[in-house]
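Colleague: Enclosed is the structure file final.txt (compact mmCIF, C-alpha atoms and all ligand atoms).
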```txt
# COMPACT_ATOMS: atom_id res chain seq x y z
CA MET A 1 22.58 12.90 108.22
CA LYS A 2 22.87 13.94 104.59
CA ILE A 3 20.10 16.14 103.16
CA THR A 4 18.33 14.23 100.39
CA ILE A 5 16.07 15.14 97.50
CA GLN A 6 13.18 13.76 99.61
CA ASP A 7 14.07 16.34 102.29
CA PHE A 8 13.80 19.05 99.62
CA ILE A 9 10.25 17.93 98.75
CA LYS A 10 9.31 17.59 102.44
CA LYS A 11 10.54 21.10 103.15
CA LYS A 12 8.34 22.50 100.39
CA GLN A 13 5.35 20.58 101.70
CA ALA A 14 6.02 21.85 105.25
CA LYS A 15 6.55 25.41 103.91
CA LYS A 16 10.09 25.43 105.32
CA LYS A 17 12.64 27.43 103.32
CA ILE A 18 15.61 25.65 101.69
CA SER A 19 19.03 27.34 101.98
CA MET A 20 21.72 26.88 99.33
CA LEU A 21 25.13 28.40 98.61
CA THR A 22 27.81 27.67 96.10
CA ALA A 23 31.25 26.40 97.16
CA TYR A 24 34.24 25.30 95.16
CA ASP A 25 36.83 23.88 97.56
CA PHE A 26 37.29 21.95 100.82
CA PRO A 27 37.75 24.78 103.37
CA PHE A 28 34.80 26.88 102.22
CA ALA A 29 32.55 23.83 101.71
CA LYS A 30 33.36 22.81 105.30
CA ILE A 31 32.25 26.22 106.60
CA VAL A 32 29.06 26.08 104.52
CA ASP A 33 28.36 22.55 105.76
CA GLU A 34 29.00 23.51 109.41
CA ALA A 35 26.57 26.44 108.97
CA GLU A 36 23.95 23.76 108.18
CA ILE A 37 23.16 25.15 104.74
CA ASP A 38 20.92 22.52 103.12
CA ALA A 39 22.75 22.13 99.82
CA ILE A 40 25.95 23.23 98.12
CA LEU A 41 26.06 23.90 94.40
CA VAL A 42 29.49 23.45 92.87
CA GLY A 43 28.51 26.15 90.40
CA ASP A 44 30.13 26.68 87.04
CA SER A 45 30.30 30.27 88.32
CA LEU A 46 33.70 29.05 89.50
CA ALA A 47 34.88 29.97 85.99
CA MET A 48 34.37 33.61 86.92
CA VAL A 49 34.90 33.78 90.69
CA VAL A 50 37.73 31.23 91.02
CA GLN A 51 39.35 30.99 87.59
CA GLY A 52 39.04 34.71 86.76
CA LEU A 53 37.39 34.11 83.38
CA GLU A 54 34.99 36.52 81.64
CA ASN A 55 31.97 34.15 81.70
CA THR A 56 31.08 30.54 82.57
CA LEU A 57 31.43 29.05 79.08
CA PRO A 58 35.08 27.84 79.14
CA VAL A 59 35.03 25.71 82.32
CA THR A 60 35.52 22.00 81.52
CA MET A 61 34.05 18.78 82.89
CA ASP A 62 37.42 17.75 84.34
CA GLU A 63 37.70 21.07 86.20
CA MET A 64 34.14 20.75 87.53
CA ILE A 65 34.86 17.21 88.77
CA TYR A 66 38.09 18.38 90.44
CA HIS A 67 36.18 21.01 92.44
CA THR A 68 33.20 18.75 93.16
CA LYS A 69 35.51 16.15 94.72
CA MET A 70 36.90 18.76 97.14
CA VAL A 71 33.43 19.98 98.10
CA SER A 72 32.08 16.44 98.58
CA ARG A 73 34.94 15.56 100.92
CA ALA A 74 33.91 18.45 103.20
CA SER A 75 30.14 17.98 103.08
CA VAL A 76 28.86 15.79 105.87
CA ARG A 77 25.29 17.14 105.91
CA ALA A 78 24.74 19.34 102.88
CA MET A 79 23.53 17.83 99.62
CA VAL A 80 26.16 18.41 96.92
CA VAL A 81 24.90 19.41 93.47
CA GLY A 82 27.35 19.43 90.55
CA ASP A 83 26.73 22.05 87.88
CA MET A 84 26.91 20.62 84.37
CA PRO A 85 29.15 22.95 82.34
CA TYR A 86 28.44 24.32 78.88
CA MET A 87 28.60 21.59 76.19
CA SER A 88 28.63 18.74 78.72
CA TYR A 89 24.97 17.85 78.06
CA GLN A 90 23.90 19.66 74.87
CA ILE A 91 25.63 17.42 72.29
CA SER A 92 23.80 14.14 72.90
CA ILE A 93 21.82 12.29 75.54
CA GLU A 94 24.63 9.75 75.72
CA GLU A 95 27.19 12.44 76.59
CA ALA A 96 24.78 14.01 79.07
CA ILE A 97 24.39 10.70 80.91
CA ARG A 98 28.15 10.04 80.82
CA ASN A 99 28.98 13.50 82.17
CA GLY A 100 26.10 13.62 84.65
CA GLY A 101 27.18 10.22 85.94
CA ARG A 102 30.73 11.49 86.47
CA PHE A 103 29.45 14.03 89.02
CA LEU A 104 27.99 11.19 91.13
CA LYS A 105 30.60 8.50 90.45
CA GLU A 106 33.81 10.57 90.56
CA GLY A 107 32.71 13.85 92.15
CA GLY A 108 30.69 12.34 95.01
CA ALA A 109 27.71 14.65 94.30
CA GLN A 110 24.12 13.63 95.02
CA ALA A 111 22.61 15.52 92.07
CA VAL A 112 23.40 17.69 89.06
CA LYS A 113 22.06 21.02 87.83
CA LEU A 114 21.62 21.98 84.21
CA GLU A 115 20.48 25.13 82.44
CA GLY A 116 17.68 25.32 79.92
CA GLY A 117 13.93 25.12 79.43
CA ARG A 118 11.78 22.70 77.41
CA ASP A 119 14.67 21.93 75.03
CA THR A 120 16.43 20.08 77.86
CA ALA A 121 13.36 18.02 78.91
CA GLU A 122 14.55 14.85 77.14
CA ILE A 123 17.98 15.20 78.79
CA VAL A 124 16.39 15.68 82.23
CA LYS A 125 14.26 12.57 81.60
CA ALA A 126 17.26 10.48 80.54
CA LEU A 127 19.41 11.57 83.49
CA THR A 128 16.60 10.93 85.97
CA LYS A 129 16.04 7.47 84.44
CA SER A 130 19.76 6.81 84.96
CA GLU A 131 19.40 7.63 88.69
CA ILE A 132 21.01 11.06 88.34
CA PRO A 133 18.71 13.53 90.16
CA VAL A 134 18.42 16.83 88.26
CA MET A 135 17.91 20.40 89.42
CA ALA A 136 16.72 22.32 86.36
CA HIS A 137 17.61 26.01 85.89
CA ILE A 138 15.53 28.56 83.96
CA GLY A 139 15.23 32.35 83.67
CA LEU A 140 18.63 33.95 83.28
CA THR A 141 20.76 31.04 82.10
CA PRO A 142 24.41 32.19 81.89
CA HIS A 143 25.26 29.62 79.15
CA ALA A 144 22.99 31.74 76.89
CA ILE A 145 24.91 34.97 77.53
CA HIS A 146 25.53 35.59 73.85
CA ARG A 147 21.91 34.97 72.81
CA MET A 148 20.58 37.05 75.72
CA GLY A 149 23.10 39.83 75.06
CA GLY A 150 24.29 39.94 78.67
CA TYR A 151 23.08 38.99 82.14
CA LYS A 152 19.55 40.43 81.95
CA VAL A 153 16.32 39.91 83.89
CA GLN A 154 14.11 37.39 82.03
CA GLY A 155 10.34 36.82 81.79
CA LYS A 156 9.39 40.49 81.75
CA THR A 157 6.77 40.34 78.99
CA GLU A 158 3.53 38.36 79.35
CA GLU A 159 4.62 36.00 76.58
CA ALA A 160 8.08 35.40 78.07
CA ALA A 161 6.54 34.86 81.51
CA GLN A 162 4.07 32.29 80.16
CA ARG A 163 6.90 30.49 78.36
CA LEU A 164 8.81 30.19 81.65
CA ILE A 165 5.70 28.87 83.45
CA ASP A 166 5.27 26.26 80.70
CA ASP A 167 8.99 25.39 80.82
CA ALA A 168 8.77 24.90 84.58
CA LYS A 169 5.89 22.43 84.24
CA ILE A 170 7.59 20.55 81.40
CA LEU A 171 10.78 20.19 83.48
CA GLU A 172 8.81 18.98 86.51
CA ASP A 173 7.06 16.42 84.30
CA ALA A 174 10.45 15.37 82.90
CA GLY A 175 11.51 14.41 86.43
CA ALA A 176 13.50 17.37 87.79
CA PHE A 177 13.51 17.25 91.62
CA SER A 178 13.79 21.03 91.94
CA LEU A 179 13.95 24.13 89.80
CA LEU A 180 16.38 27.03 90.06
CA LEU A 181 14.87 30.36 89.01
CA GLU A 182 17.40 33.08 88.19
CA ALA A 183 16.68 36.80 87.67
CA ILE A 184 12.96 36.81 87.00
CA PRO A 185 10.23 39.04 88.50
CA ALA A 186 9.19 38.03 92.03
CA GLU A 187 5.52 37.73 91.05
CA LEU A 188 6.36 35.30 88.23
CA ALA A 189 8.55 33.22 90.57
CA GLN A 190 5.65 33.11 93.04
CA LYS A 191 3.29 31.83 90.34
CA ILE A 192 5.75 29.13 89.26
CA THR A 193 6.37 28.16 92.90
CA GLU A 194 2.63 27.79 93.55
CA GLU A 195 2.04 25.73 90.41
CA LEU A 196 4.82 23.18 90.98
CA SER A 197 5.01 20.36 93.51
CA ILE A 198 8.82 20.38 93.33
CA PRO A 199 10.69 23.15 95.22
CA THR A 200 11.89 26.31 93.50
CA ILE A 201 15.25 27.81 94.48
CA GLY A 202 15.59 31.49 93.68
CA ILE A 203 18.46 33.79 92.90
CA GLY A 204 17.18 37.22 91.95
CA ALA A 205 13.67 35.77 91.91
CA GLY A 206 12.19 37.36 95.03
CA SER A 207 11.15 35.97 98.37
CA PHE A 208 8.31 33.64 97.38
CA CYS A 209 10.54 30.79 96.15
CA ASP A 210 10.80 27.66 98.30
CA GLY A 211 14.51 28.32 98.82
CA GLN A 212 17.31 30.71 98.02
CA ILE A 213 20.85 30.40 96.67
CA LEU A 214 23.72 32.89 96.52
CA VAL A 215 27.17 32.69 94.99
CA LEU A 216 29.39 32.26 98.08
CA TYR A 217 32.00 34.76 96.92
CA ASP A 218 29.28 37.42 96.43
CA ALA A 219 27.98 36.79 99.96
CA LEU A 220 31.47 36.93 101.48
CA GLY A 221 32.77 39.84 99.41
CA LEU A 222 35.42 37.86 97.56
CA PHE A 223 34.33 38.68 94.00
CA GLU A 224 34.89 42.30 93.09
CA ARG A 225 34.30 42.55 89.35
CA PHE A 226 30.56 43.23 89.79
CA LEU A 227 27.84 42.56 92.34
CA PRO A 228 24.45 41.69 90.81
CA LYS A 229 21.51 43.72 92.22
CA PHE A 230 20.09 40.49 93.68
CA ALA A 231 23.21 39.50 95.60
CA LYS A 232 23.74 40.54 99.22
CA ARG A 233 27.29 41.07 100.47
CA TYR A 234 27.27 39.84 104.08
CA ALA A 235 31.01 40.44 104.63
CA ASN A 236 34.01 41.94 102.91
CA LEU A 237 36.58 39.17 103.20
CA LYS A 238 38.63 40.71 100.37
CA ASN A 239 39.30 43.80 102.51
CA ASP A 240 39.74 41.80 105.72
CA SER A 241 42.27 39.53 103.98
CA LEU A 242 44.11 42.49 102.48
CA ASN A 243 44.48 44.11 105.90
CA VAL A 244 45.74 40.87 107.44
CA LEU A 245 48.32 40.38 104.69
CA LYS A 246 49.53 43.98 105.00
CA GLN A 247 50.00 43.35 108.72
CA TYR A 248 52.02 40.19 107.94
CA LYS A 249 54.24 42.10 105.47
CA LYS A 250 54.84 44.84 108.05
CA GLU A 251 55.75 42.30 110.75
CA VAL A 252 58.18 40.51 108.43
CA GLU A 253 59.81 43.78 107.41
CA GLU A 254 60.07 44.99 111.01
CA GLY A 255 61.37 41.64 112.30
CA ILE A 256 58.30 41.10 114.54
CA PHE A 257 57.36 37.82 112.86
CA PRO A 258 58.47 35.12 113.52
CA GLY A 259 58.55 35.63 117.28
CA LYS A 260 60.16 33.30 119.83
CA GLU A 261 56.87 31.32 120.06
CA HIS A 262 57.12 30.46 116.34
CA SER A 263 60.79 29.46 116.51
CA PHE A 264 62.57 26.24 117.54
O1 LIG B 1 26.95 28.57 88.70
C1 LIG B 1 26.31 29.09 89.62
O2 LIG B 1 26.87 29.48 90.65
C2 LIG B 1 24.88 29.23 89.44
C3 LIG B 1 24.12 30.24 90.28
C4 LIG B 1 22.74 30.38 89.80
C5 LIG B 1 24.08 29.98 91.71
O3 LIG B 1 24.32 28.59 88.63
```
When written as C-alpha cells, how does the structure in this file appear?
Ligand code: KIV
Modeller:
Amino acid sequence: MKITIQDFIKKKQAKKKISMLTAYDFPFAKIVDEAEIDAILVGDSLAMVVQGLENTLPVTMDEMIYHTKMVSRASVRAMVVGDMPYMSYQISIEEAIRNGGRFLKEGGAQAVKLEGGRDTAEIVKALTKSEIPVMAHIGLTPHAIHRMGGYKVQGKTEEAAQRLIDDAKILEDAGAFSLLLEAIPAELAQKITEELSIPTIGIGAGSFCDGQILVLYDALGLFERFLPKFAKRYANLKNDSLNVLKQYKKEVEEGIFPGKEHSF
C-alpha cells in the first residue's frame, strides 16, 4: 500500500519517525522502496549528483519529469515527491500550477516540494487548491545560493530564527502537508516541530524533527565533491564499484572473462 500524506500526519501524531531519501532513477528507487523508506524525493540535487553541475539552478522541468517517471515506476510503497526546480514556480501562480501538475500527471508523483518561506505562501495555497500536495522547504534553500553566499547554516540569530518560525506557521496555514527543514540549529527545528501540526522532515536540522531525509548519493558514497557535515556516509559504493571495474578490466586483459559459462 502506498504511503499517503495522511500517513505522514498519522505518523507525527503517533510520534513515529518518517524516513525519506532522494532517488533519481529506477534501480535505486527500487532499492529505496524495498527498504520500506516512507517517501522518495526526486530532488533537484540531481543537478549536482547526477548531472555533475555546480549547483541546482540549471536543472529543467523536462529533466525533473524524466527522472520522476523512472522513480515512480519503481515505487510500489514509497510516496514520490517531485522537487520543483528553480524558476518552475516563481514566475507566476499559473506556471506553478502547470508545472506542479506535470509532476502528478506526467511524473506519477503524489506530491511536490518547493523552496521558500512566506513569499511562496500564495503558491502553496494555489497548488494545494489544485489538488497538488506541497512539501514546503525552509532554512538553507539551495535556490538562494547566490543570495546566501554559499550553503550556510540558517536561523542562527534570534531574528532569523523567529522569521523561520513565522514562515513555518504561514506555510502550514497555506496548506503545506509537511515542511522540510534544512541546515538550521537543532533547538530551532525542535521548536518549529512542536509548534506545527504537520510533520517536519530534517536534513541538518537535528534529531527532534518528525522525520529525516538524506541525499541518497551522500548516504551511499557516490558523490565525492563534498560531504556536508550533516550527511552520513553509510557505504562507499564509489570505491566498491571502482574495485569491481578494475577486476573486470584485469579479467578481460588476462583472458579470464568471458569464461566457458558465459559463452555459447
Ligand atoms: O534536492 C534535494 O535533494 C533536496 C534535499 C534537501 C534533500 O532538496
Colleague: Using all atoms listed in the file, find each residue with an atom at most 9 Å away from ligand LIG 1 (chain B) and format the answer as number ranges by chain.
Modeller: A: 20-23, 41-47, 56, 83, 85, 113-115, 137, 140-142, 180-182, 202-203, 213-216
Colleague: Name the residues in contact with Arg233 of chain A at a cut-off of 8 Å, using only C-alpha atoms, excluding same-chain residues fewer than 5 positions from it; report them as JSON, numbers by chain.
Modeller: {"A": [218, 219, 220, 221]}
Colleague: Check the smallest atom-to-atom distance from each of A:Ser19, A:Ser72, A:Ser130, A:Gln247 to Gly107 of chain A using all atoms listed in the file, then report the winner.
Modeller: A:Ser72
Colleague: Nearest to Gln110 of chain A among A:Arg147, A:Lys11, A:Arg98, A:Lys2, with distances taken over all atoms listed in the file: which residue is it?
Modeller: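 Among A:Arg147, A:Lys11, A:Arg98, A:Lys2, it is A:Lys2 that comes nearest to Gln110 of chain A.
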Colleague: Closest to Leu179 of chain A among A:Ile9, A:Leu245, A:Leu127, A:Ala109, using all atoms listed in the file?
Modeller: A:Ile9
Colleague: To one decimal in Å, tell me the separation between atom CA of Ile31 of chain A and atom CA of Ala78 of chain A.
Modeller: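 Rounded to one decimal, the two atoms are 10.8 Å apart.
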Colleague: In Å to one decimal, how far is atom CA of Gly155 of chain A from atom CA of Lys191 of chain A?
Modeller: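 Separating atom CA of Lys191 of chain A from atom CA of Gly155 of chain A is a distance of 12.2 Å.
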Colleague: Given only C-alpha atoms as the basis, pick out the residue of A:Phe103, A:Phe223, A:Phe177, A:Phe26 nearest to Phe8 of chain A.
Modeller: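 Ranking A:Phe103, A:Phe223, A:Phe177, A:Phe26 by distance to Phe8 of chain A, first place goes to A:Phe177.
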Colleague: Output requested as a PDB file, keeping the file's coordinate frame - segment 142-158 of chain A, filled out with N, CA, C and O atoms.
Modeller:
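What landed in selection_8.pdb:
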```pdb
ATOM      1  N   PRO A 142      23.153  31.580  82.341  1.00  0.00           N
ATOM      2  CA  PRO A 142      24.410  32.190  81.890  1.00  0.00           C
ATOM      3  C   PRO A 142      25.054  31.522  80.660  1.00  0.00           C
ATOM      4  O   PRO A 142      25.826  32.172  79.956  1.00  0.00           O
ATOM      5  N   HIS A 143      24.713  30.239  80.375  1.00  0.00           N
ATOM      6  CA  HIS A 143      25.260  29.620  79.150  1.00  0.00           C
ATOM      7  C   HIS A 143      24.760  30.375  77.906  1.00  0.00           C
ATOM      8  O   HIS A 143      25.380  30.313  76.854  1.00  0.00           O
ATOM      9  N   ALA A 144      23.601  31.055  78.048  1.00  0.00           N
ATOM     10  CA  ALA A 144      22.990  31.740  76.890  1.00  0.00           C
ATOM     11  C   ALA A 144      23.388  33.211  76.840  1.00  0.00           C
ATOM     12  O   ALA A 144      22.677  34.015  76.231  1.00  0.00           O
ATOM     13  N   ILE A 145      24.505  33.556  77.444  1.00  0.00           N
ATOM     14  CA  ILE A 145      24.910  34.970  77.530  1.00  0.00           C
ATOM     15  C   ILE A 145      24.937  35.663  76.176  1.00  0.00           C
ATOM     16  O   ILE A 145      24.498  36.804  76.040  1.00  0.00           O
ATOM     17  N   HIS A 146      25.408  34.939  75.157  1.00  0.00           N
ATOM     18  CA  HIS A 146      25.530  35.590  73.850  1.00  0.00           C
ATOM     19  C   HIS A 146      24.164  35.786  73.190  1.00  0.00           C
ATOM     20  O   HIS A 146      23.919  36.806  72.567  1.00  0.00           O
ATOM     21  N   ARG A 147      23.265  34.804  73.368  1.00  0.00           N
ATOM     22  CA  ARG A 147      21.910  34.970  72.810  1.00  0.00           C
ATOM     23  C   ARG A 147      21.152  36.068  73.579  1.00  0.00           C
ATOM     24  O   ARG A 147      20.478  36.906  72.991  1.00  0.00           O
ATOM     25  N   MET A 148      21.328  36.086  74.898  1.00  0.00           N
ATOM     26  CA  MET A 148      20.580  37.050  75.720  1.00  0.00           C
ATOM     27  C   MET A 148      21.188  38.455  75.650  1.00  0.00           C
ATOM     28  O   MET A 148      20.564  39.425  76.057  1.00  0.00           O
ATOM     29  N   GLY A 149      22.437  38.536  75.177  1.00  0.00           N
ATOM     30  CA  GLY A 149      23.100  39.830  75.060  1.00  0.00           C
ATOM     31  C   GLY A 149      23.538  40.388  76.397  1.00  0.00           C
ATOM     32  O   GLY A 149      23.580  41.605  76.590  1.00  0.00           O
ATOM     33  N   GLY A 150      23.816  39.507  77.345  1.00  0.00           N
ATOM     34  CA  GLY A 150      24.290  39.940  78.670  1.00  0.00           C
ATOM     35  C   GLY A 150      23.453  39.284  79.758  1.00  0.00           C
ATOM     36  O   GLY A 150      22.521  38.515  79.464  1.00  0.00           O
ATOM     37  N   TYR A 151      23.805  39.575  81.000  1.00  0.00           N
ATOM     38  CA  TYR A 151      23.080  38.990  82.140  1.00  0.00           C
ATOM     39  C   TYR A 151      21.881  39.887  82.465  1.00  0.00           C
ATOM     40  O   TYR A 151      22.011  40.846  83.224  1.00  0.00           O
ATOM     41  N   LYS A 152      20.733  39.565  81.844  1.00  0.00           N
ATOM     42  CA  LYS A 152      19.550  40.430  81.950  1.00  0.00           C
ATOM     43  C   LYS A 152      18.376  39.700  82.596  1.00  0.00           C
ATOM     44  O   LYS A 152      18.233  38.481  82.417  1.00  0.00           O
ATOM     45  N   VAL A 153      17.535  40.472  83.280  1.00  0.00           N
ATOM     46  CA  VAL A 153      16.320  39.910  83.890  1.00  0.00           C
ATOM     47  C   VAL A 153      15.448  39.305  82.773  1.00  0.00           C
ATOM     48  O   VAL A 153      15.287  39.907  81.716  1.00  0.00           O
ATOM     49  N   GLN A 154      14.910  38.115  83.019  1.00  0.00           N
ATOM     50  CA  GLN A 154      14.110  37.390  82.030  1.00  0.00           C
ATOM     51  C   GLN A 154      12.630  37.368  82.441  1.00  0.00           C
ATOM     52  O   GLN A 154      12.312  37.645  83.599  1.00  0.00           O
ATOM     53  N   GLY A 155      11.773  37.024  81.493  1.00  0.00           N
ATOM     54  CA  GLY A 155      10.340  36.820  81.790  1.00  0.00           C
ATOM     55  C   GLY A 155       9.602  38.111  82.070  1.00  0.00           C
ATOM     56  O   GLY A 155       8.644  38.109  82.848  1.00  0.00           O
ATOM     57  N   LYS A 156      10.023  39.195  81.430  1.00  0.00           N
ATOM     58  CA  LYS A 156       9.390  40.490  81.750  1.00  0.00           C
ATOM     59  C   LYS A 156       8.107  40.748  80.946  1.00  0.00           C
ATOM     60  O   LYS A 156       7.249  41.473  81.389  1.00  0.00           O
ATOM     61  N   THR A 157       8.011  40.155  79.743  1.00  0.00           N
ATOM     62  CA  THR A 157       6.770  40.340  78.990  1.00  0.00           C
ATOM     63  C   THR A 157       5.820  39.193  79.350  1.00  0.00           C
ATOM     64  O   THR A 157       6.251  38.150  79.866  1.00  0.00           O
ATOM     65  N   GLU A 158       4.537  39.396  79.032  1.00  0.00           N
ATOM     66  CA  GLU A 158       3.530  38.360  79.350  1.00  0.00           C
ATOM     67  C   GLU A 158       3.860  37.046  78.648  1.00  0.00           C
ATOM     68  O   GLU A 158       3.761  35.962  79.219  1.00  0.00           O
TER      69      GLU A 158
END
```
